[in-house]
Amino acid sequence: MAITAYNGIAIPSFMYGTAWKKEATASLVQLAVTSGFTAIDTANQLIHYQEALVGEALLALANQGFKRESLFLQTKFTSVDGQDHRTPYDAKADLTTQVNQSFQSSLAHLHTDYLDSYVLHGSYSRRGLGQADWEVWAAIESLYDSGKTKMIGISNVSAEQLSSLCAKARQKPMVVQNRCYAAFGWDKEVREICKTQNIIYQGFSLLTANREVFVDPAVRAIAAKYGTGLAQIVFRFAMQIGMLPLTGTTNPQHMKDDLAADQFTLSPDELHAIETIGL
Ligand SMILES: NC(=O)c1ccc[n+]([C@@H]2O[C@H](COP(=O)([O-])OP(=O)(O)OC[C@H]3O[C@@H](n4cnc5c(N)ncnc54)[C@H](OP(=O)(O)O)[C@@H]3O)[C@@H](O)[C@H]2O)c1
């Protein structure tokens, strides 16, 4: 299954995330793809991701016959604030140069000459968008213009920032990637803007940020009804309300279970019960 962005590019409806996998990154990415995931999320940020090991997995997969075009690759530009001393660019260079150097380094790590999606990992400003954010976004827009990335996006964005970006950017994002808390209506405000603006909302930490959902009797009853695990209920709920979920599982059985989350359909009442769980 795929979701089509407002620019006509299709993105698989479930994404495998590669954060915190350390030296296991290459083997887990290979396992994820051979299990059926076709979209991979990473970042050029050594504190949390091993982008070069994602690339190592892609080389091994290519040797097994997987074509580059069959995979959707998404990575991110991370500002100096989110890096340690191992910045994948000259941290003293101007911001446009930093974005371009980081992008080139990502292409090299991933052994490709284009990306499917390039995401700004987070804004510089805590509230609103400042001059640095606009400069970085303009550099990302230029990469999109050049055709080297098929989509662009922003992560860890507030409703206020996203509204501003949509109103003032030359090219608004095709994707948003946010941590999704049930306690805030599953990031309702940002999801509403995405819906109105026809932007694809990618949700992460759906399981880890929402422990209360797993002890909720209503959710447990829904899982019992469908004979599934609780994780599958959360991922299916996410898909049915229009979200593109990420999973970062390291477990082969959980990969299969997560991918099977589209094998059943929750009723409107069940969706409403889960959507309003933390409100
Ligand atoms: N943009 C950002 O700033 C940002 C921040 C954080 C994450 N992300 C992206 O989002 C991806 C996913 O992150 P995440 O926080 O959602 O995931 P995560 O931290 O990797 O957590 C997934 C957790 O859920 C468990 N799990 C998954 N499927 C399960 C199942 N079927 N049954 C039971 N447990 C299951 C996993 O355990 P097992 O390993 O045992 O299955 C793991 O503990 C990251 O890898 C990264 O790509 C982006």
# chains A, B, ... in the order shown; residues from 1 in each chain; ligands from 1
call {"tool": "residues_near_ligand", "arguments": {"ligand": "ligand 1", "cutoff": "6 Å", "atoms": "only C-alpha atoms and all ligand atoms", "output": "count of residues only"}}
result
24
call {"tool": "select_by_dssp", "arguments": {"residues": "region 12-113 of chain A", "states": "strand (DSSP E)", "output": "VMD selection string"}}
result
chain A and resid 12 15 to 17 39 to 41 72 to 77
call {"tool": "write_last_selection", "arguments": {"atoms": "N, CA and C atoms", "output": "mmCIF file, in the first residue's frame"}}
result
data_model
loop_
_atom_site.group_PDB
_atom_site.id
_atom_site.type_symbol
_atom_site.label_atom_id
_atom_site.label_comp_id
_atom_site.auth_asym_id
_atom_site.auth_seq_id
_atom_site.Cartn_x
_atom_site.Cartn_y
_atom_site.Cartn_z
ATOM 1 N N PRO A 12 5.523 4.420 0.558
ATOM 2 C CA PRO A 12 4.916 3.251 1.216
ATOM 3 C C PRO A 12 4.243 3.643 2.524
ATOM 4 N N MET A 15 6.857 2.599 7.537
ATOM 5 C CA MET A 15 8.276 2.906 7.354
ATOM 6 C C MET A 15 9.104 2.256 8.461
ATOM 7 N N TYR A 16 10.266 1.750 8.070
ATOM 8 C CA TYR A 16 11.175 1.165 9.059
ATOM 9 C C TYR A 16 12.199 2.211 9.499
ATOM 10 N N GLY A 17 12.263 2.457 10.805
ATOM 11 C CA GLY A 17 13.176 3.471 11.342
ATOM 12 C C GLY A 17 14.459 2.843 11.854
ATOM 13 N N ALA A 39 10.241 1.064 2.843
ATOM 14 C CA ALA A 39 10.611 2.464 3.138
ATOM 15 C C ALA A 39 11.521 2.471 4.365
ATOM 16 N N ILE A 40 12.634 3.190 4.258
ATOM 17 C CA ILE A 40 13.633 3.238 5.325
ATOM 18 C C ILE A 40 13.848 4.690 5.728
ATOM 19 N N ASP A 41 13.851 4.927 7.038
ATOM 20 C CA ASP A 41 14.108 6.271 7.569
ATOM 21 C C ASP A 41 15.447 6.271 8.316
ATOM 22 N N PHE A 72 12.190 3.126 -0.839
ATOM 23 C CA PHE A 72 11.973 4.551 -0.561
ATOM 24 C C PHE A 72 12.952 4.932 0.549
ATOM 25 N N LEU A 73 13.892 5.831 0.231
ATOM 26 C CA LEU A 73 14.924 6.216 1.202
ATOM 27 C C LEU A 73 14.690 7.640 1.686
ATOM 28 N N GLN A 74 14.597 7.762 2.995
ATOM 29 C CA GLN A 74 14.404 9.083 3.599
ATOM 30 C C GLN A 74 15.533 9.326 4.610
ATOM 31 N N THR A 75 16.168 10.492 4.522
ATOM 32 C CA THR A 75 17.134 10.852 5.543
ATOM 33 C C THR A 75 16.963 12.320 5.913
ATOM 34 N N LYS A 76 17.808 12.783 6.844
ATOM 35 C CA LYS A 76 17.548 14.112 7.417
ATOM 36 C C LYS A 76 18.811 14.963 7.494
ATOM 37 N N PHE A 77 18.596 16.276 7.440
ATOM 38 C CA PHE A 77 19.654 17.241 7.778
ATOM 39 C C PHE A 77 19.472 17.592 9.253
#
call {"tool": "closest_atom_pairs", "arguments": {"of": "region 55-111 of chain A", "to": "region 21-29 of chain A", "cutoff": "8 Å", "atoms": "only C-alpha atoms", "output": "Markdown table"}}
result
| residue | atom | partner | partner_atom | distance |
| --- | --- | --- | --- | --- |
| A:Gly55 | CA | A:Ala26 | CA | 7.7 |
| A:Glu56 | CA | A:Ala26 | CA | 6.1 |
| A:Ala57 | CA | A:Ala26 | CA | 4.7 |
call {"tool": "closest_residue", "arguments": {"among": "A:Pro268, A:Leu71, A:Ala238, A:Ser105", "to": "Thr87 (chain A)", "atoms": "only C-alpha atoms"}}
result
A:Ser105
call {"tool": "closest_residue", "arguments": {"among": "A:Tyr201, A:Phe184, A:Thr265, A:Ala260", "to": "Ile222 (chain A)", "atoms": "only C-alpha atoms"}}
result
A:Thr265
call {"tool": "select_by_dssp", "arguments": {"residues": "region 34-269 of chain A", "states": "alpha helix (DSSP H)", "output": "ChimeraX atom specification"}}
result
/A:34-35,51-63,95-110,131-145,159-168,188-197,211-214,217-226,230-240,252-259,268-269
call {"tool": "closest_residue", "arguments": {"among": "A:Ser35, A:Pro173, A:Phe237, A:Ile47", "to": "Arg86 (chain A)", "atoms": "only C-alpha atoms"}}
result
A:Ile47
call {"tool": "residues_around", "arguments": {"residues": "Glu51 (chain A)", "least_positions_apart": "5", "cutoff": "8 Å", "atoms": "only C-alpha atoms", "output": "MDAnalysis selection string"}}
result
chainID A and resid 42:46 106 109:110
call {"tool": "closest_residue", "arguments": {"among": "A:Ser123, A:Leu31, A:Lys172, A:Val234", "to": "Val213 (chain A)", "atoms": "only C-alpha atoms"}}
result
A:Val234
call {"tool": "atom_distance", "arguments": {"atom1": "CA of Ser158 (chain A)", "atom2": "CA of Ser13 (chain A)"}}
result
22.9 Å
call {"tool": "residues_around", "arguments": {"residues": "Pro245 (chain A)", "least_positions_apart": "3", "cutoff": "6 Å", "atoms": "only C-alpha atoms", "output": "ChimeraX atom specification"}}
result
/A:14,202-203
call {"tool": "write_last_selection", "arguments": {"atoms": "C-alpha atoms", "output": "short mmCIF file (atom, residue, chain, number, x, y, z; two decimals), in the first residue's frame"}}
result
data_model
loop_
_atom_site.label_atom_id
_atom_site.label_comp_id
_atom_site.auth_asym_id
_atom_site.auth_seq_id
_atom_site.Cartn_x
_atom_site.Cartn_y
_atom_site.Cartn_z
CA PHE A 14 4.67 1.95 6.70
CA GLN A 202 4.58 10.36 9.73
CA GLY A 203 4.21 9.36 13.39
#
call {"tool": "residues_around", "arguments": {"residues": "region 224-228 of chain A", "least_positions_apart": "3", "cutoff": "9 Å", "atoms": "only C-alpha atoms", "output": "number ranges by chain"}}
result
A: 219-221, 231-233, 257, 261, 264, 266
call {"tool": "atom_distance", "arguments": {"atom1": "CA of Val54 (chain A)", "atom2": "CA of Gln30 (chain A)"}}
result
8.6 Å
call {"tool": "decode", "arguments": {"residues": "region 45-57 of chain A", "atoms": "N, CA, C and O atoms", "output": "CSV table (one decimal), in the first residue's frame"}}
result
chain,number,residue,atom,x,y,z
A,45,GLN,N,23.3,11.7,11.3
A,45,GLN,CA,23.4,12.2,12.7
A,45,GLN,C,24.0,11.0,13.5
A,45,GLN,O,23.2,10.2,14.0
A,46,LEU,N,25.3,11.0,13.8
A,46,LEU,CA,25.9,9.9,14.4
A,46,LEU,C,25.5,9.6,15.8
A,46,LEU,O,25.7,8.5,16.3
A,47,ILE,N,25.0,10.6,16.5
A,47,ILE,CA,24.5,10.4,17.9
A,47,ILE,C,23.5,9.3,17.9
A,47,ILE,O,23.5,8.4,18.8
A,48,HIS,N,22.5,9.3,17.0
A,48,HIS,CA,21.4,8.4,17.0
A,48,HIS,C,21.4,7.4,15.9
A,48,HIS,O,20.6,6.4,16.0
A,49,TYR,N,22.0,7.7,14.8
A,49,TYR,CA,21.8,6.8,13.6
A,49,TYR,C,23.2,6.5,13.0
A,49,TYR,O,24.2,7.2,13.1
A,50,GLN,N,23.2,5.3,12.3
A,50,GLN,CA,24.4,4.9,11.5
A,50,GLN,C,24.0,4.9,10.0
A,50,GLN,O,23.8,3.8,9.5
A,51,GLU,N,23.9,6.1,9.4
A,51,GLU,CA,23.5,6.1,8.0
A,51,GLU,C,24.4,5.3,7.1
A,51,GLU,O,23.9,4.7,6.2
A,52,ALA,N,25.7,5.3,7.4
A,52,ALA,CA,26.6,4.6,6.5
A,52,ALA,C,26.3,3.1,6.6
A,52,ALA,O,26.5,2.3,5.6
A,53,LEU,N,25.9,2.6,7.7
A,53,LEU,CA,25.5,1.2,7.8
A,53,LEU,C,24.2,0.8,7.2
A,53,LEU,O,24.0,-0.3,6.7
A,54,VAL,N,23.3,1.8,7.1
A,54,VAL,CA,22.1,1.7,6.2
A,54,VAL,C,22.6,1.5,4.8
A,54,VAL,O,22.1,0.5,4.1
A,55,GLY,N,23.5,2.3,4.4
A,55,GLY,CA,24.1,2.1,3.0
A,55,GLY,C,24.7,0.8,2.8
A,55,GLY,O,24.6,0.2,1.7
A,56,GLU,N,25.4,0.3,3.8
A,56,GLU,CA,26.0,-1.1,3.7
A,56,GLU,C,24.9,-2.1,3.5
A,56,GLU,O,25.1,-3.0,2.6
A,57,ALA,N,23.8,-2.0,4.2
A,57,ALA,CA,22.7,-2.9,4.0
A,57,ALA,C,22.2,-2.8,2.5
A,57,ALA,O,21.8,-3.8,1.9
